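Asker: Following this line is data-v5.json, made up of JSON, C-alpha atoms:
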[["chain", "number", "residue", "atom", "x", "y", "z"],
["A", 1, "MET", "CA", -355.13, -87.62, 129.86],
["A", 2, "LYS", "CA", -352.42, -90.23, 130.32],
["A", 3, "ILE", "CA", -349.33, -89.94, 128.18],
["A", 4, "ASN", "CA", -347.52, -93.06, 127.11],
["A", 5, "HIS", "CA", -343.86, -92.15, 127.49],
["A", 6, "SER", "CA", -342.63, -95.28, 125.83],
["A", 7, "ALA", "CA", -344.52, -94.41, 122.71],
["A", 8, "ARG", "CA", -343.16, -90.88, 122.79],
["A", 9, "HIS", "CA", -339.54, -91.97, 122.54],
["A", 10, "ARG", "CA", -340.01, -94.55, 119.86],
["A", 11, "ARG", "CA", -338.46, -93.75, 116.58],
["A", 12, "PRO", "CA", -340.57, -94.27, 113.63],
["A", 13, "ARG", "CA", -339.59, -97.22, 111.49],
["A", 14, "VAL", "CA", -338.31, -96.31, 108.10],
["A", 15, "ALA", "CA", -339.30, -98.66, 105.43],
["A", 16, "ILE", "CA", -336.44, -99.57, 103.08],
["A", 17, "SER", "CA", -337.44, -100.14, 99.58],
["A", 18, "ALA", "CA", -336.32, -103.16, 97.57],
["A", 19, "PRO", "CA", -333.92, -101.17, 95.36],
["A", 20, "ALA", "CA", -332.19, -99.80, 98.46],
["A", 21, "ASN", "CA", -331.87, -103.31, 99.81],
["A", 22, "SER", "CA", -330.12, -104.29, 96.58],
["A", 23, "ALA", "CA", -327.72, -101.41, 96.80],
["A", 24, "LEU", "CA", -326.85, -102.28, 100.36],
["A", 25, "ALA", "CA", -326.27, -105.87, 99.40],
["A", 26, "VAL", "CA", -323.87, -104.83, 96.62],
["A", 27, "LEU", "CA", -322.04, -102.48, 98.98],
["A", 28, "ALA", "CA", -321.72, -105.21, 101.59],
["A", 29, "ALA", "CA", -320.42, -107.64, 99.01],
["A", 30, "THR", "CA", -317.89, -105.07, 97.76],
["A", 31, "LEU", "CA", -316.63, -104.44, 101.28],
["A", 32, "ALA", "CA", -316.38, -108.16, 101.89],
["A", 33, "LEU", "CA", -314.34, -108.64, 98.72],
["A", 34, "ALA", "CA", -312.16, -105.69, 99.60],
["A", 35, "GLY", "CA", -311.33, -107.33, 102.89],
["A", 36, "CYS", "CA", -310.25, -110.49, 101.03],
["A", 37, "VAL", "CA", -307.85, -108.72, 98.65],
["A", 38, "ALA", "CA", -304.32, -108.95, 99.86],
["A", 39, "ALA", "CA", -302.60, -105.74, 100.75],
["A", 40, "PRO", "CA", -300.10, -104.61, 98.11],
["A", 41, "ALA", "CA", -296.71, -106.17, 98.59],
["A", 42, "PRO", "CA", -294.02, -103.83, 99.91],
["A", 43, "PRO", "CA", -291.42, -102.77, 97.33],
["A", 44, "PRO", "CA", -288.48, -105.19, 97.10],
["A", 45, "ALA", "CA", -285.50, -104.32, 99.22],
["A", 46, "PRO", "CA", -282.66, -102.83, 97.15],
["A", 47, "GLN", "CA", -280.18, -105.50, 96.12],
["A", 48, "PRO", "CA", -276.47, -104.76, 96.64],
["A", 49, "THR", "CA", -274.67, -103.93, 93.39],
["A", 50, "PRO", "CA", -272.36, -106.80, 92.49],
["A", 51, "ARG", "CA", -268.70, -105.82, 92.52],
["A", 52, "VAL", "CA", -266.89, -106.38, 89.29],
["A", 53, "ALA", "CA", -263.37, -107.65, 89.76],
["A", 54, "PRO", "CA", -260.81, -105.33, 88.16],
["A", 55, "ALA", "CA", -259.21, -106.61, 84.98],
["A", 56, "PRO", "CA", -255.81, -108.22, 85.56],
["A", 57, "PRO", "CA", -252.89, -105.99, 84.62],
["A", 58, "ALA", "CA", -251.56, -106.45, 81.12],
["A", 59, "THR", "CA", -248.68, -108.88, 80.89],
["A", 60, "GLN", "CA", -245.36, -107.11, 80.56],
["A", 61, "THR", "CA", -243.73, -107.84, 77.26],
["A", 62, "THR", "CA", -240.25, -107.12, 76.15],
["A", 63, "ALA", "CA", -240.19, -103.78, 74.39],
["A", 64, "PRO", "CA", -238.97, -103.92, 70.85],
["A", 65, "LEU", "CA", -235.54, -102.54, 70.21],
["A", 66, "PRO", "CA", -235.75, -98.93, 69.11],
["A", 67, "ALA", "CA", -235.06, -98.09, 65.48],
["A", 68, "PHE", "CA", -232.53, -95.30, 65.04],
["A", 69, "ARG", "CA", -233.08, -92.71, 62.36],
["A", 70, "ASP", "CA", -229.37, -91.88, 62.47],
["A", 71, "TRP", "CA", -226.74, -94.56, 63.03],
["A", 72, "ARG", "CA", -224.81, -92.07, 65.18],
["A", 73, "ASP", "CA", -227.61, -92.22, 67.77],
["A", 74, "ALA", "CA", -227.20, -95.97, 68.30],
["A", 75, "PRO", "CA", -225.28, -97.08, 71.41],
["A", 76, "GLN", "CA", -221.64, -97.87, 70.80],
["A", 77, "THR", "CA", -220.71, -101.54, 70.66],
["A", 78, "VAL", "CA", -219.12, -102.60, 73.94],
["A", 79, "GLY", "CA", -215.40, -103.23, 73.66],
["A", 80, "SER", "CA", -212.05, -101.61, 72.89],
["A", 81, "TRP", "CA", -209.46, -101.46, 70.14],
["A", 82, "PHE", "CA", -206.13, -103.27, 70.66],
["A", 83, "TYR", "CA", -203.09, -102.94, 68.42],
["A", 84, "HIS", "CA", -200.18, -105.30, 67.95],
["A", 85, "ALA", "CA", -197.36, -105.33, 65.46],
["A", 86, "THR", "CA", -196.47, -108.23, 63.19],
["A", 87, "PRO", "CA", -193.50, -108.64, 60.83],
["A", 88, "ASN", "CA", -195.77, -107.84, 57.87],
["A", 89, "GLY", "CA", -197.61, -104.87, 59.41],
["A", 90, "GLY", "CA", -199.87, -103.96, 62.28],
["A", 91, "VAL", "CA", -203.21, -105.46, 63.34],
["A", 92, "ALA", "CA", -205.99, -103.61, 65.16],
["A", 93, "GLN", "CA", -208.66, -105.72, 66.83],
["A", 94, "PHE", "CA", -211.91, -104.63, 68.46],
["A", 95, "SER", "CA", -213.02, -107.04, 71.19],
["A", 96, "ASN", "CA", -214.30, -107.35, 74.74],
["A", 97, "PRO", "CA", -212.31, -108.49, 76.68],
["A", 98, "PRO", "CA", -208.93, -108.32, 74.90],
["A", 99, "SER", "CA", -208.57, -112.12, 74.87],
["A", 100, "ALA", "CA", -211.96, -112.67, 73.21],
["A", 101, "THR", "CA", -212.43, -113.26, 69.51],
["A", 102, "ALA", "CA", -212.29, -109.92, 67.71],
["A", 103, "LEU", "CA", -215.64, -108.62, 66.48],
["A", 104, "LEU", "CA", -213.76, -106.64, 63.84],
["A", 105, "SER", "CA", -210.12, -106.48, 62.85],
["A", 106, "LEU", "CA", -208.03, -104.46, 60.42],
["A", 107, "ARG", "CA", -204.91, -106.29, 59.25],
["A", 108, "CYS", "CA", -202.12, -104.76, 57.18],
["A", 109, "ASP", "CA", -200.32, -106.83, 54.56],
["A", 110, "ARG", "CA", -197.31, -104.63, 53.90],
["A", 111, "ALA", "CA", -195.97, -106.81, 51.10],
["A", 112, "ALA", "CA", -199.26, -106.69, 49.19],
["A", 113, "ARG", "CA", -200.01, -103.13, 50.36],
["A", 114, "THR", "CA", -203.53, -104.09, 51.35],
["A", 115, "VAL", "CA", -205.69, -103.80, 54.45],
["A", 116, "THR", "CA", -208.09, -106.63, 55.27],
["A", 117, "ILE", "CA", -211.27, -105.78, 57.18],
["A", 118, "ALA", "CA", -212.54, -108.94, 58.90],
["A", 119, "ARG", "CA", -215.92, -109.24, 60.66],
["A", 120, "ALA", "CA", -216.43, -112.22, 62.99],
["A", 121, "GLY", "CA", -219.03, -114.58, 61.54],
["A", 122, "ALA", "CA", -219.50, -117.51, 59.18],
["A", 123, "ALA", "CA", -221.48, -117.86, 55.97],
["A", 124, "PRO", "CA", -221.60, -120.34, 53.07],
["A", 125, "GLY", "CA", -220.88, -117.57, 50.58],
["A", 126, "PRO", "CA", -220.19, -113.84, 50.23],
["A", 127, "LEU", "CA", -222.48, -111.43, 52.08],
["A", 128, "PRO", "CA", -223.14, -107.73, 51.55],
["A", 129, "MET", "CA", -221.18, -105.51, 53.93],
["A", 130, "SER", "CA", -221.66, -101.78, 54.39],
["A", 131, "ILE", "CA", -219.27, -99.39, 56.11],
["A", 132, "THR", "CA", -220.67, -96.00, 57.13],
["A", 133, "THR", "CA", -218.57, -93.08, 58.33],
["A", 134, "SER", "CA", -219.36, -89.42, 58.94],
["A", 135, "THR", "CA", -218.23, -88.62, 55.39],
["A", 136, "GLN", "CA", -219.19, -91.62, 53.26],
["A", 137, "THR", "CA", -220.98, -94.96, 53.02],
["A", 138, "ARG", "CA", -219.52, -97.81, 50.98],
["A", 139, "PRO", "CA", -221.29, -101.04, 49.99],
["A", 140, "LEU", "CA", -218.89, -104.00, 49.86],
["A", 141, "SER", "CA", -218.97, -107.77, 49.46],
["A", 142, "ALA", "CA", -217.47, -109.80, 52.32],
["A", 143, "ALA", "CA", -216.14, -113.26, 51.55],
["A", 144, "PRO", "CA", -216.07, -116.05, 54.16],
["A", 145, "SER", "CA", -212.65, -117.22, 55.33],
["A", 146, "ARG", "CA", -211.35, -120.34, 57.07],
["A", 147, "ALA", "CA", -210.87, -118.24, 60.21],
["A", 148, "GLN", "CA", -214.68, -117.94, 60.64],
["A", 149, "THR", "CA", -214.67, -114.34, 59.51],
["A", 150, "LEU", "CA", -216.18, -112.40, 56.61],
["A", 151, "GLU", "CA", -213.46, -110.39, 54.91],
["A", 152, "VAL", "CA", -213.01, -107.46, 52.55],
["A", 153, "VAL", "CA", -209.56, -106.63, 51.16],
["A", 154, "LEU", "CA", -208.89, -102.98, 50.24],
["A", 155, "PRO", "CA", -205.82, -101.31, 48.71],
["A", 156, "ALA", "CA", -203.85, -99.47, 51.39],
["A", 157, "GLY", "CA", -204.52, -96.18, 49.58],
["A", 158, "ASP", "CA", -208.33, -96.60, 49.55],
["A", 159, "ARG", "CA", -209.98, -93.42, 50.90],
["A", 160, "LEU", "CA", -212.59, -95.47, 52.78],
["A", 161, "LEU", "CA", -209.81, -96.36, 55.23],
["A", 162, "ASP", "CA", -209.12, -92.66, 55.84],
["A", 163, "ALA", "CA", -212.86, -92.07, 56.34],
["A", 164, "MET", "CA", -212.89, -94.82, 59.00],
["A", 165, "ALA", "CA", -209.82, -93.44, 60.79],
["A", 166, "PHE", "CA", -211.08, -89.85, 60.83],
["A", 167, "SER", "CA", -214.83, -90.42, 61.19],
["A", 168, "ARG", "CA", -216.39, -88.15, 63.80],
["A", 169, "GLY", "CA", -216.42, -90.29, 66.89],
["A", 170, "ARG", "CA", -217.37, -93.60, 65.31],
["A", 171, "PHE", "CA", -218.11, -95.62, 62.21],
["A", 172, "ALA", "CA", -220.58, -98.44, 61.53],
["A", 173, "VAL", "CA", -220.03, -101.88, 60.01],
["A", 174, "GLU", "CA", -223.09, -103.82, 58.86],
["A", 175, "VAL", "CA", -223.21, -107.34, 57.44],
["A", 176, "ASN", "CA", -226.43, -109.06, 56.40],
["A", 177, "GLY", "CA", -227.64, -111.40, 59.16],
["A", 178, "LEU", "CA", -225.24, -110.09, 61.84],
["A", 179, "PRO", "CA", -225.65, -107.36, 64.47],
["A", 180, "ALA", "CA", -224.40, -103.98, 63.33],
["A", 181, "LEU", "CA", -221.18, -102.77, 64.94],
["A", 182, "TYR", "CA", -220.82, -99.13, 66.04],
["A", 183, "LEU", "CA", -217.11, -98.71, 66.70],
["A", 184, "PRO", "CA", -215.05, -95.77, 67.99],
["A", 185, "ALA", "CA", -212.61, -94.24, 65.53],
["A", 186, "TRP", "CA", -209.55, -94.61, 67.76],
["A", 187, "SER", "CA", -205.89, -94.19, 66.85],
["A", 188, "GLU", "CA", -205.37, -97.96, 66.40],
["A", 189, "VAL", "CA", -207.35, -97.81, 63.14],
["A", 190, "GLY", "CA", -205.14, -95.08, 61.66],
["A", 191, "ARG", "CA", -201.99, -96.81, 62.89],
["A", 192, "VAL", "CA", -202.70, -99.95, 60.85],
["A", 193, "ILE", "CA", -203.36, -97.84, 57.74],
["A", 194, "GLU", "CA", -200.11, -95.94, 58.17],
["A", 195, "ASP", "CA", -198.22, -99.24, 58.57],
["A", 196, "CYS", "CA", -199.31, -100.22, 55.06],
["A", 197, "ARG", "CA", -198.53, -96.88, 53.48],
["A", 198, "GLY", "CA", -195.11, -96.35, 54.97]]
Could you quickly redo this structure as structure tokens?
Answerer:
Amino acid sequence: MKINHSARHRRPRVAISAPANSALAVLAATLALAGCVAAPAPPPAPQPTPRVAPAPPATQTTAPLPAFRDWRDAPQTVGSWFYHATPNGGVAQFSNPPSATALLSLRCDRAARTVTIARAGAAPGPLPMSITTSTQTRPLSAAPSRAQTLEVVLPAGDRLLDAMAFSRGRFAVEVNGLPALYLPAWSEVGRVIEDCRG
């Protein structure tokens, strides 16, 4: 008997049913569509963080002058006392330098037995003046003079004068609208007072 080798190695044909053909068609279409879909975009590269310029430094402003709880803590007014004698009694002047207009002067009038306290400054009318020492404070009224000063006249025996002469270290003279004066209680002050009491 003759064997047909070609027939022996043939694979039997498998019949594919219509529903299987449909499924294959759908699968093929899905694969085709999948090939058309773009690959997902790569994540965006990290952006550099913008640098924020530092705020400009605050503008320096002039610091306000400190307020002193105690007048004795305030800096002493710059200057010195100078004494000179006159025929009618001595005069003590506080100024800087000596030839400058006196910020404050004490003038004895021996004939009237008075001491005039004169603060440099001008005003159209009387201004309140206050003198503070380590033992007392006295409110006064200073009258303008033709010499461009504001003046108070006290009897030579007034105890405020003694308080000024013997104040611990200094005394203060304040006039409305003018800088306060913080003056040393030097011997020139007492000398004028003694001139008027002698």
Asker: Write out as a VMD selection string the residues lying within 12 Å of Gly89 (chain A), counting only C-alpha atoms and excluding same-chain residues fewer than 2 positions away.
Answerer: chain A and resid 83 to 87 91 to 92 106 to 116 156 191 to 198
Asker: CA of Thr135 (chain A) to CA of Trp71 (chain A): how many Å, to one decimal?
Answerer: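 Straight-line distance from CA of Thr135 (chain A) to CA of Trp71 (chain A) works out to 12.9 Å.
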Asker: Any idea what the distance is between CA of Ala118 (chain A) and CA of Ser105 (chain A)?
Answerer: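 Pair CA of Ala118 (chain A) / CA of Ser105 (chain A) returns 5.2 Å.
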Asker: Mind checking which residues fall within 6 Å of Ala165 (chain A), counting all atoms listed in the file, ignoring those fewer than 5 positions away in the same chain, and posting them as a list in words?
Answerer: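 Using all atoms listed in the file, the neighbours found are Ala185, Val189 and Gly190 of chain A.
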Asker: Any chance you could export the current selection's C-alpha atoms as a PDB file, in the frame of the given file?
Answerer:
ATOM      1  CA  ALA A 185    -212.610 -94.240  65.530  1.00  0.00           C
ATOM      2  CA  VAL A 189    -207.350 -97.810  63.140  1.00  0.00           C
ATOM      3  CA  GLY A 190    -205.140 -95.080  61.660  1.00  0.00           C
TER       4      GLY A 190
END
Asker: When you look at region 167-182 of chain A with a cut-off of 6 Å (counting all atoms listed in the file), what residues show up, excluding the ones that are within fewer than 2 positions of it in the same chain? I need them as a list of chain:residue names.
Answerer: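 The filter keeps A:Gln76, A:Thr77, A:Pro128, A:Met129, A:Ser130, A:Ile131, A:Thr132, A:Thr133, A:Ser134, A:Ala163, A:Met164, A:Ala165, A:Pro184, A:Ala185.
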Asker: Between A:Gln136, A:Ser80, A:Leu150, A:Ala143, which one has atoms that come closest to Asp162 (chain A), using all atoms listed in the file?
Answerer: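 So, comparing all the options, the nearest one is A:Gln136.
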Asker: For a test of reading the model, state the distance in Å between CA of Val153 (chain A) and CA of Ile117 (chain A), rounded to one decimal.
Answerer: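 Computing the Euclidean distance for CA of Val153 (chain A) and CA of Ile117 (chain A) yields 6.3 Å.
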Asker: Between A:Thr137, A:Thr149, A:Asn88, A:Thr101, which is the closest to Arg119 (chain A) once you count all atoms listed in the file?
Answerer: A:Thr149
Asker: I need the residue nearest Leu154 (chain A) from this list: A:Ser187, A:Gly79, A:Arg138, A:Leu103. Use all atoms listed in the file for the distance.
Answerer: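 Using all atoms listed in the file, the shortest distance to Leu154 (chain A) belongs to A:Arg138.
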